[in-house]
Amino acid sequence: MTTDRPASTEMAAYDLLGDLPSGPTTTVLEASAGTGKTYALAGLVTRYVAEGHATLDEMLLITFGRAASQELRERVRGALVGAASALEVVLGGGAVSDSVGDDALVRHLCTGPASALVERHDRLRDALASFDSATIATTHQFCQVVLASLGVAGDSDASLTLVESLDELIGEVVDDLYLQRFGDDPDTPVLSRADAVFLARDVVSNPRARLTPVDPPPGTPAAIRRAFADDVVGELERRKRRLGILGFDDLLGRLATALADPDAPSRDRMRRRWKIVMVDEFQDTDPVQWDVIERAFVGHATVVLIGDPKQAIYAFRGGDISTYLRAARRADQQLTLGTNWRSDAPLVERLQVLLRGAALGHSEIVVRPVDTHHAGHRLSGAGERGAPVRLRLVGRDVFGLSKRSTIKMDDLRPWIAEDLARDIQQLLATQPTYDDRRLGAGDVAVIVESHKDARACRDALAAAGVPAVYTGDTDVFSSPAAADWLCLLEAFEQPHRSGLVRAAAGTMFFGLGAAELAAGGDALTDDIAQTLRQWADRARERGLAAVLESALVAGMGERVLAWRGGERH
């Protein structure tokens, strides 16, 4: 984060109930975390449809990933259903307040002359009937749809097969080229195979990357790496053509090429099909994706770009924040979603004190002010540990260092972990509530930068008696919980063997120690064997989840239920 603070951080807030973006315009909506980005997208679609600006099949919604596109599809459908249902209630004589609750958008759509409400209801009903025709897709899915529909204009070949991953083919190319170049080399190659694989995947995953140096001196390590990268790209293309396959980046390239000519018929076809285009998570759009959108729609359709440059995370896939900034500068209007619907006002206010106006890596990527929906503080009864933002300082003198020395993270990590564990322990001891619900250990999340930090925090929390789940780099199959499950399953198979039964008795499912087993003798072993037979029957009939259920019924759930991410609690 830079310390630059622009002269102004203000940006007009977008009102979802105000004028809709319309005509051949481009609007950038900056949506900070918690400001209801997905709700705004679904709300825009609902208003466009209900008020007759466009039919659902005339709108194109593009998201970055498949999970996001599925979520958006569900949210859009839910918004359409909600508005249609509310209108049906109102048209049937019901009160607006009874049908919409506190949803201002639905209230807006349910207000007006009866004739307008009937039209809105009919449009929404028609949209739901034809919902499968909605184009809500990732960029690559959208490109595939377009290329298939363009035919010759899109330079598509129906015989080609789209593959989701080229990793296996890239591995083959790397192995073959590596053997050709270095197989007979008596010395250790300048480029190791591991580095060759990393280089190849890096170059292929970002087709717009500029390889440097452009002309390195022959025989130098840079020249060898550059030549290998060029060979990988060329050989991969030859093999894809021979195999008749293409990857997702090929789709983008083909469509961008089809749209390169200003008079390309493919541009006209796309504009006739979609009159409103919305792009979600726009900060992660790469230059080729933007080329496609800009060439096809900017200046000819209503384009709404929604994103937050502060949350750009896909640089490794070619996402380029300069693409966002370039599009924002050319937009007809830049607005912001100005209300945080997720966080409490005290938290947002204190973070604003720390960060408001800060430029994050670029003078145009600014932390802007936001209002809050939750005016109060939902955490209560926590005392001073309920403060929304707290900063902790550890002085260099604690480590015997001078003022100019840097504290090594390995030295500082235990302090941070112990402080964190003590703080959470004391927080839970106050028995606080959140939104009038009793707060427990499972409501606390600890977010760290590395696995080292996570393991240190987990160990410190365990030492403080706070149950914790570490969802990091642990291997489920090498965990204590997995060993207990294996022991239990072996006992299921042979409950007549006392050794296996006693071993199962020592697992988290029974929690018995050697002394207890010895004191209980054969009678206790027989009881456990009978329980194991019952559980085995349930597992065969209803699956392993039934075993956990049986453990709960038997009062053993406190030992069992915290198996998550391979940890035992």
# chains A, B, ... in the order shown; residues from 1 in each chain; ligands from 1
>>> residues_around(residues="A:Leu72", least_positions_apart="5", cutoff="8 Å", atoms="only C-alpha atoms", output="list of chain:residue names")
A:Thr38, A:Ala42, A:Ile136
>>> write_last_selection(atoms="N, CA, C and O atoms", output="mmCIF file, in the first residue's frame")
data_model
loop_
_atom_site.group_PDB
_atom_site.id
_atom_site.type_symbol
_atom_site.label_atom_id
_atom_site.label_comp_id
_atom_site.auth_asym_id
_atom_site.auth_seq_id
_atom_site.Cartn_x
_atom_site.Cartn_y
_atom_site.Cartn_z
ATOM 1 N N THR A 38 -23.675 -8.593 -5.910
ATOM 2 C CA THR A 38 -24.527 -9.579 -6.569
ATOM 3 C C THR A 38 -25.993 -9.176 -6.491
ATOM 4 O O THR A 38 -26.756 -9.368 -7.438
ATOM 5 N N ALA A 42 -28.418 -8.645 -9.758
ATOM 6 C CA ALA A 42 -29.725 -9.283 -9.890
ATOM 7 C C ALA A 42 -30.839 -8.241 -9.931
ATOM 8 O O ALA A 42 -31.825 -8.393 -10.659
ATOM 9 N N ILE A 136 -25.986 -16.306 -18.883
ATOM 10 C CA ILE A 136 -25.245 -15.983 -17.664
ATOM 11 C C ILE A 136 -24.085 -16.963 -17.635
ATOM 12 O O ILE A 136 -24.267 -18.141 -17.345
#
>>> residues_around(residues="A:Val367", least_positions_apart="4", cutoff="6 Å", atoms="only C-alpha atoms", output="number ranges by chain")
A: 356-358
>>> residues_around(residues="A:Phe297", least_positions_apart="6", cutoff="9 Å", atoms="only C-alpha atoms", output="MDAnalysis selection string")
chainID A and resid 24 267 270:271 274:277 303
>>> residues_around(residues="A:Val90", least_positions_apart="2", cutoff="12 Å", atoms="only C-alpha atoms", output="list of chain:residue names")
A:Ala83, A:Ala84, A:Ser85, A:Ala86, A:Leu87, A:Glu88, A:Gly92, A:Gly93, A:Gly94, A:Ala95, A:Val96, A:Ser97, A:Asp98, A:Ser99, A:Val100, A:Val106, A:Arg107, A:Leu109, A:Cys110, A:Thr111, A:Gly112, A:Pro113, A:Ala114, A:Leu117, A:Val118, A:Arg120, A:His121
>>> write_last_selection(atoms="N, CA, C and O atoms", output="mmCIF file, in the first residue's frame")
data_model
loop_
_atom_site.group_PDB
_atom_site.id
_atom_site.type_symbol
_atom_site.label_atom_id
_atom_site.label_comp_id
_atom_site.auth_asym_id
_atom_site.auth_seq_id
_atom_site.Cartn_x
_atom_site.Cartn_y
_atom_site.Cartn_z
ATOM 1 N N ALA A 83 -39.820 -10.779 -7.064
ATOM 2 C CA ALA A 83 -40.581 -9.625 -7.567
ATOM 3 C C ALA A 83 -41.916 -10.065 -8.160
ATOM 4 O O ALA A 83 -42.956 -9.429 -7.933
ATOM 5 N N ALA A 84 -41.905 -11.160 -8.919
ATOM 6 C CA ALA A 84 -43.147 -11.649 -9.524
ATOM 7 C C ALA A 84 -44.151 -12.064 -8.455
ATOM 8 O O ALA A 84 -45.360 -11.774 -8.557
ATOM 9 N N SER A 85 -43.678 -12.743 -7.417
ATOM 10 C CA SER A 85 -44.564 -13.190 -6.340
ATOM 11 C C SER A 85 -45.170 -12.002 -5.595
ATOM 12 O O SER A 85 -46.357 -12.003 -5.254
ATOM 13 N N ALA A 86 -44.347 -10.987 -5.333
ATOM 14 C CA ALA A 86 -44.846 -9.799 -4.637
ATOM 15 C C ALA A 86 -45.895 -9.078 -5.469
ATOM 16 O O ALA A 86 -46.935 -8.641 -4.953
ATOM 17 N N LEU A 87 -45.654 -8.953 -6.762
ATOM 18 C CA LEU A 87 -46.626 -8.307 -7.632
ATOM 19 C C LEU A 87 -47.938 -9.084 -7.679
ATOM 20 O O LEU A 87 -49.026 -8.497 -7.713
ATOM 21 N N GLU A 88 -47.822 -10.413 -7.640
ATOM 22 C CA GLU A 88 -49.028 -11.238 -7.656
ATOM 23 C C GLU A 88 -49.867 -10.992 -6.403
ATOM 24 O O GLU A 88 -51.101 -10.914 -6.473
ATOM 25 N N GLY A 92 -53.511 -9.140 -6.306
ATOM 26 C CA GLY A 92 -54.621 -9.887 -5.721
ATOM 27 C C GLY A 92 -55.292 -9.171 -4.577
ATOM 28 O O GLY A 92 -56.174 -9.731 -3.924
ATOM 29 N N GLY A 93 -54.851 -7.938 -4.313
ATOM 30 C CA GLY A 93 -55.483 -7.144 -3.274
ATOM 31 C C GLY A 93 -54.693 -7.055 -1.990
ATOM 32 O O GLY A 93 -55.137 -6.400 -1.037
ATOM 33 N N GLY A 94 -53.541 -7.712 -1.927
ATOM 34 C CA GLY A 94 -52.735 -7.665 -0.722
ATOM 35 C C GLY A 94 -51.988 -6.349 -0.592
ATOM 36 O O GLY A 94 -51.820 -5.604 -1.562
ATOM 37 N N ALA A 95 -51.533 -6.059 0.625
ATOM 38 C CA ALA A 95 -50.795 -4.823 0.878
ATOM 39 C C ALA A 95 -49.349 -4.970 0.432
ATOM 40 O O ALA A 95 -48.765 -6.051 0.506
ATOM 41 N N VAL A 96 -48.761 -3.856 -0.028
ATOM 42 C CA VAL A 96 -47.368 -3.876 -0.460
ATOM 43 C C VAL A 96 -46.461 -4.311 0.683
ATOM 44 O O VAL A 96 -45.556 -5.133 0.513
ATOM 45 N N SER A 97 -46.722 -3.805 1.888
ATOM 46 C CA SER A 97 -45.863 -4.118 3.022
ATOM 47 C C SER A 97 -45.885 -5.601 3.356
ATOM 48 O O SER A 97 -44.890 -6.162 3.820
ATOM 49 N N ASP A 98 -47.023 -6.273 3.112
ATOM 50 C CA ASP A 98 -47.133 -7.701 3.408
ATOM 51 C C ASP A 98 -46.335 -8.549 2.427
ATOM 52 O O ASP A 98 -45.892 -9.650 2.757
ATOM 53 N N SER A 99 -46.124 -8.050 1.212
ATOM 54 C CA SER A 99 -45.529 -8.881 0.161
ATOM 55 C C SER A 99 -44.048 -8.640 -0.046
ATOM 56 O O SER A 99 -43.370 -9.481 -0.626
ATOM 57 N N VAL A 100 -43.516 -7.509 0.402
ATOM 58 C CA VAL A 100 -42.124 -7.197 0.061
ATOM 59 C C VAL A 100 -41.192 -7.127 1.264
ATOM 60 O O VAL A 100 -39.969 -7.145 1.098
ATOM 61 N N VAL A 106 -38.091 -4.366 -4.537
ATOM 62 C CA VAL A 106 -39.388 -4.985 -4.810
ATOM 63 C C VAL A 106 -40.512 -4.014 -4.485
ATOM 64 O O VAL A 106 -41.513 -3.928 -5.198
ATOM 65 N N ARG A 107 -40.337 -3.252 -3.412
ATOM 66 C CA ARG A 107 -41.344 -2.237 -3.077
ATOM 67 C C ARG A 107 -41.491 -1.227 -4.226
ATOM 68 O O ARG A 107 -42.607 -0.818 -4.571
ATOM 69 N N LEU A 109 -40.928 -1.782 -7.410
ATOM 70 C CA LEU A 109 -41.610 -2.415 -8.546
ATOM 71 C C LEU A 109 -43.096 -2.634 -8.265
ATOM 72 O O LEU A 109 -43.891 -2.760 -9.203
ATOM 73 N N CYS A 110 -43.478 -2.706 -6.992
ATOM 74 C CA CYS A 110 -44.879 -2.929 -6.626
ATOM 75 C C CYS A 110 -45.653 -1.629 -6.447
ATOM 76 O O CYS A 110 -46.809 -1.655 -5.978
ATOM 77 N N THR A 111 -45.031 -0.525 -6.767
ATOM 78 C CA THR A 111 -45.664 0.781 -6.608
ATOM 79 C C THR A 111 -45.959 1.380 -7.976
ATOM 80 O O THR A 111 -45.087 1.421 -8.847
ATOM 81 N N GLY A 112 -47.204 1.865 -8.182
ATOM 82 C CA GLY A 112 -47.568 2.477 -9.451
ATOM 83 C C GLY A 112 -48.982 2.120 -9.840
ATOM 84 O O GLY A 112 -49.691 1.394 -9.106
ATOM 85 N N PRO A 113 -49.418 2.595 -11.008
ATOM 86 C CA PRO A 113 -50.773 2.285 -11.486
ATOM 87 C C PRO A 113 -50.959 0.779 -11.679
ATOM 88 O O PRO A 113 -50.005 0.049 -11.979
ATOM 89 N N ALA A 114 -52.165 0.306 -11.523
ATOM 90 C CA ALA A 114 -52.457 -1.122 -11.643
ATOM 91 C C ALA A 114 -52.056 -1.654 -13.007
ATOM 92 O O ALA A 114 -51.543 -2.780 -13.132
ATOM 93 N N LEU A 117 -48.412 -2.362 -13.042
ATOM 94 C CA LEU A 117 -48.073 -3.539 -12.239
ATOM 95 C C LEU A 117 -48.398 -4.826 -12.990
ATOM 96 O O LEU A 117 -47.654 -5.808 -12.909
ATOM 97 N N VAL A 118 -49.514 -4.808 -13.704
ATOM 98 C CA VAL A 118 -49.871 -5.990 -14.498
ATOM 99 C C VAL A 118 -48.818 -6.254 -15.566
ATOM 100 O O VAL A 118 -48.391 -7.404 -15.774
ATOM 101 N N ARG A 120 -45.658 -5.360 -15.547
ATOM 102 C CA ARG A 120 -44.427 -5.825 -14.903
ATOM 103 C C ARG A 120 -44.541 -7.303 -14.523
ATOM 104 O O ARG A 120 -43.599 -8.081 -14.729
ATOM 105 N N HIS A 121 -45.682 -7.667 -13.973
ATOM 106 C CA HIS A 121 -45.873 -9.059 -13.583
ATOM 107 C C HIS A 121 -45.794 -9.984 -14.793
ATOM 108 O O HIS A 121 -45.162 -11.053 -14.740
#
>>> closest_residue(among="A:Arg342, A:Arg238, A:Arg273, A:His140", to="A:Leu56", atoms="only C-alpha atoms")
A:Arg273
>>> select_by_dssp(residues="stretch 15-256 of chain A", states="helix (DSSP H, G or I)", output="PyMOL selection string")
chain A and resi 37-50+56-58+66-91+96-100+104-109+114-129+131-133+139-154+167-182+193-205+221-243+248-256
>>> closest_residue(among="A:Lys403, A:Gly247, A:Asp332, A:Val288", to="A:Val304", atoms="only C-alpha atoms")
A:Asp332
>>> select_by_dssp(residues="stretch 188-403 of chain A", states="strand (DSSP E or B)", output="compact mmCIF listing (two decimals) with N, CA and C atoms, in the first residue's frame")
# COMPACT_ATOMS: atom_id res chain seq x y z
N ILE A 245 -7.73 -30.13 -30.92
CA ILE A 245 -8.23 -29.64 -29.65
C ILE A 245 -7.88 -28.16 -29.47
N LEU A 246 -8.56 -27.51 -28.57
CA LEU A 246 -8.22 -26.14 -28.22
C LEU A 246 -8.58 -25.90 -26.77
N ILE A 276 -27.96 -5.34 -23.68
CA ILE A 276 -27.46 -4.96 -22.35
C ILE A 276 -26.42 -6.00 -21.93
N VAL A 277 -25.23 -5.53 -21.57
CA VAL A 277 -24.12 -6.41 -21.20
C VAL A 277 -23.61 -6.00 -19.83
N MET A 278 -23.55 -6.98 -18.92
CA MET A 278 -23.02 -6.71 -17.58
C MET A 278 -21.87 -7.67 -17.30
N VAL A 279 -20.76 -7.13 -16.81
CA VAL A 279 -19.57 -7.92 -16.51
C VAL A 279 -19.29 -7.85 -15.01
N THR A 302 -25.71 -1.09 -23.96
CA THR A 302 -25.60 -0.63 -22.59
C THR A 302 -24.67 -1.59 -21.85
N VAL A 303 -23.50 -1.09 -21.47
CA VAL A 303 -22.49 -1.91 -20.83
C VAL A 303 -22.33 -1.47 -19.38
N VAL A 304 -22.45 -2.42 -18.46
CA VAL A 304 -22.27 -2.14 -17.03
C VAL A 304 -21.14 -3.03 -16.52
N LEU A 305 -20.09 -2.42 -16.02
CA LEU A 305 -18.91 -3.14 -15.53
C LEU A 305 -18.89 -3.00 -14.01
N ILE A 306 -18.97 -4.13 -13.31
CA ILE A 306 -19.03 -4.11 -11.85
C ILE A 306 -17.79 -4.81 -11.28
N GLY A 307 -17.10 -4.13 -10.39
CA GLY A 307 -15.92 -4.75 -9.80
C GLY A 307 -15.31 -3.85 -8.75
N GLN A 333 -19.75 7.00 -17.22
CA GLN A 333 -19.93 7.40 -15.83
C GLN A 333 -19.32 6.35 -14.91
N GLN A 334 -18.76 6.84 -13.79
CA GLN A 334 -18.21 5.97 -12.75
C GLN A 334 -18.99 6.23 -11.47
N LEU A 335 -19.57 5.19 -10.94
CA LEU A 335 -20.37 5.29 -9.74
C LEU A 335 -19.89 4.23 -8.74
N THR A 336 -20.38 4.31 -7.52
CA THR A 336 -20.00 3.34 -6.51
C THR A 336 -21.23 2.85 -5.77
N THR A 339 -23.19 1.60 0.15
CA THR A 339 -23.62 1.11 1.47
C THR A 339 -23.07 -0.29 1.71
N ASN A 340 -22.43 -0.46 2.84
CA ASN A 340 -21.96 -1.77 3.25
C ASN A 340 -23.09 -2.46 4.01
N TRP A 341 -23.53 -3.61 3.49
CA TRP A 341 -24.66 -4.33 4.08
C TRP A 341 -24.21 -5.45 5.01
N ARG A 342 -22.92 -5.67 5.12
CA ARG A 342 -22.40 -6.83 5.83
C ARG A 342 -21.85 -6.47 7.21
N SER A 343 -21.13 -5.36 7.31
CA SER A 343 -20.38 -5.06 8.53
C SER A 343 -21.09 -4.01 9.38
N ASP A 344 -20.74 -3.99 10.65
CA ASP A 344 -21.30 -3.01 11.58
C ASP A 344 -20.65 -1.64 11.37
N ALA A 359 -4.26 5.10 -1.38
CA ALA A 359 -4.13 4.58 -2.74
C ALA A 359 -3.39 3.25 -2.67
N VAL A 366 -8.48 3.57 -4.92
CA VAL A 366 -8.59 4.31 -3.66
C VAL A 366 -9.62 3.65 -2.76
N ASP A 371 -21.28 4.09 3.50
CA ASP A 371 -22.21 4.09 4.62
C ASP A 371 -22.42 2.64 5.06
N THR A 372 -23.17 2.47 6.14
CA THR A 372 -23.42 1.12 6.64
C THR A 372 -24.90 0.90 6.89
N HIS A 373 -25.34 -0.32 6.63
CA HIS A 373 -26.73 -0.69 6.90
C HIS A 373 -26.93 -0.98 8.38
N HIS A 374 -25.95 -1.67 8.99
CA HIS A 374 -26.04 -2.01 10.42
C HIS A 374 -25.46 -0.84 11.22
N LEU A 379 -21.98 -7.24 18.23
CA LEU A 379 -21.25 -7.98 19.26
C LEU A 379 -21.40 -7.25 20.59
N SER A 380 -21.91 -7.94 21.58
CA SER A 380 -22.10 -7.30 22.88
C SER A 380 -21.62 -8.23 23.99
>>> residues_around(residues="A:Thr430", least_positions_apart="6", cutoff="10 Å", atoms="only C-alpha atoms", output="list in words")
Ser380, Gly381, Ala382, Gly383, Arg385 and Leu439 of chain A
>>> residues_around(residues="A:Leu325", least_positions_apart="3", cutoff="12 Å", atoms="only C-alpha atoms", output="PyMOL selection string")
chain A and resi 28+30+282-287+290+305+307-310+312+320-322+328-331+334+362-366
>>> atom_distance(atom1="atom CA of A:Ala463", atom2="atom CA of A:Thr433")
24.3 Å
>>> residues_around(residues="A:Arg47", least_positions_apart="6", cutoff="10 Å", atoms="only C-alpha atoms", output="list of chain:residue names")
A:Leu16, A:Leu17, A:Leu20, A:His53, A:Ala54, A:Ala79, A:Leu80, A:Ala83, A:Leu105, A:Val106, A:His108, A:Leu109, A:Arg120, A:Leu124
>>> atom_distance(atom1="atom CA of A:Leu61", atom2="atom CA of A:Ala137")
6.4 Å
>>> atom_distance(atom1="atom CA of A:Ala104", atom2="atom CA of A:Val49")
17.0 Å
>>> decode(residues="stretch 138-151 of chain A", atoms="N, CA and C atoms", output="compact mmCIF listing (two decimals), in the first residue's frame")
# COMPACT_ATOMS: atom_id res chain seq x y z
N THR A 138 -19.47 -17.69 -17.81
CA THR A 138 -18.10 -17.22 -17.72
C THR A 138 -17.68 -16.66 -19.07
N THR A 139 -16.59 -15.94 -19.10
CA THR A 139 -16.10 -15.40 -20.36
C THR A 139 -15.87 -16.50 -21.38
N HIS A 140 -15.28 -17.61 -20.93
CA HIS A 140 -14.98 -18.70 -21.85
C HIS A 140 -16.25 -19.39 -22.35
N GLN A 141 -17.23 -19.56 -21.48
CA GLN A 141 -18.49 -20.14 -21.91
C GLN A 141 -19.17 -19.23 -22.92
N PHE A 142 -19.12 -17.94 -22.67
CA PHE A 142 -19.69 -16.96 -23.60
C PHE A 142 -19.00 -17.03 -24.96
N CYS A 143 -17.68 -17.10 -24.95
CA CYS A 143 -16.94 -17.20 -26.22
C CYS A 143 -17.32 -18.46 -26.98
N GLN A 144 -17.49 -19.55 -26.27
CA GLN A 144 -17.87 -20.80 -26.92
C GLN A 144 -19.24 -20.68 -27.57
N VAL A 145 -20.18 -20.05 -26.86
CA VAL A 145 -21.52 -19.85 -27.42
C VAL A 145 -21.46 -18.99 -28.67
N VAL A 146 -20.68 -17.90 -28.60
CA VAL A 146 -20.60 -16.98 -29.73
C VAL A 146 -19.94 -17.63 -30.94
N LEU A 147 -18.82 -18.29 -30.73
CA LEU A 147 -18.11 -18.92 -31.85
C LEU A 147 -18.97 -19.99 -32.51
N ALA A 148 -19.73 -20.72 -31.70
CA ALA A 148 -20.60 -21.75 -32.28
C ALA A 148 -21.70 -21.12 -33.13
N SER A 149 -22.15 -19.93 -32.74
CA SER A 149 -23.23 -19.30 -33.48
C SER A 149 -22.74 -18.51 -34.69
N LEU A 150 -21.46 -18.10 -34.68
CA LEU A 150 -20.95 -17.28 -35.77
C LEU A 150 -20.57 -18.09 -37.00
N GLY A 151 -20.23 -19.35 -36.83
CA GLY A 151 -19.84 -20.16 -37.97
C GLY A 151 -18.62 -19.62 -38.67
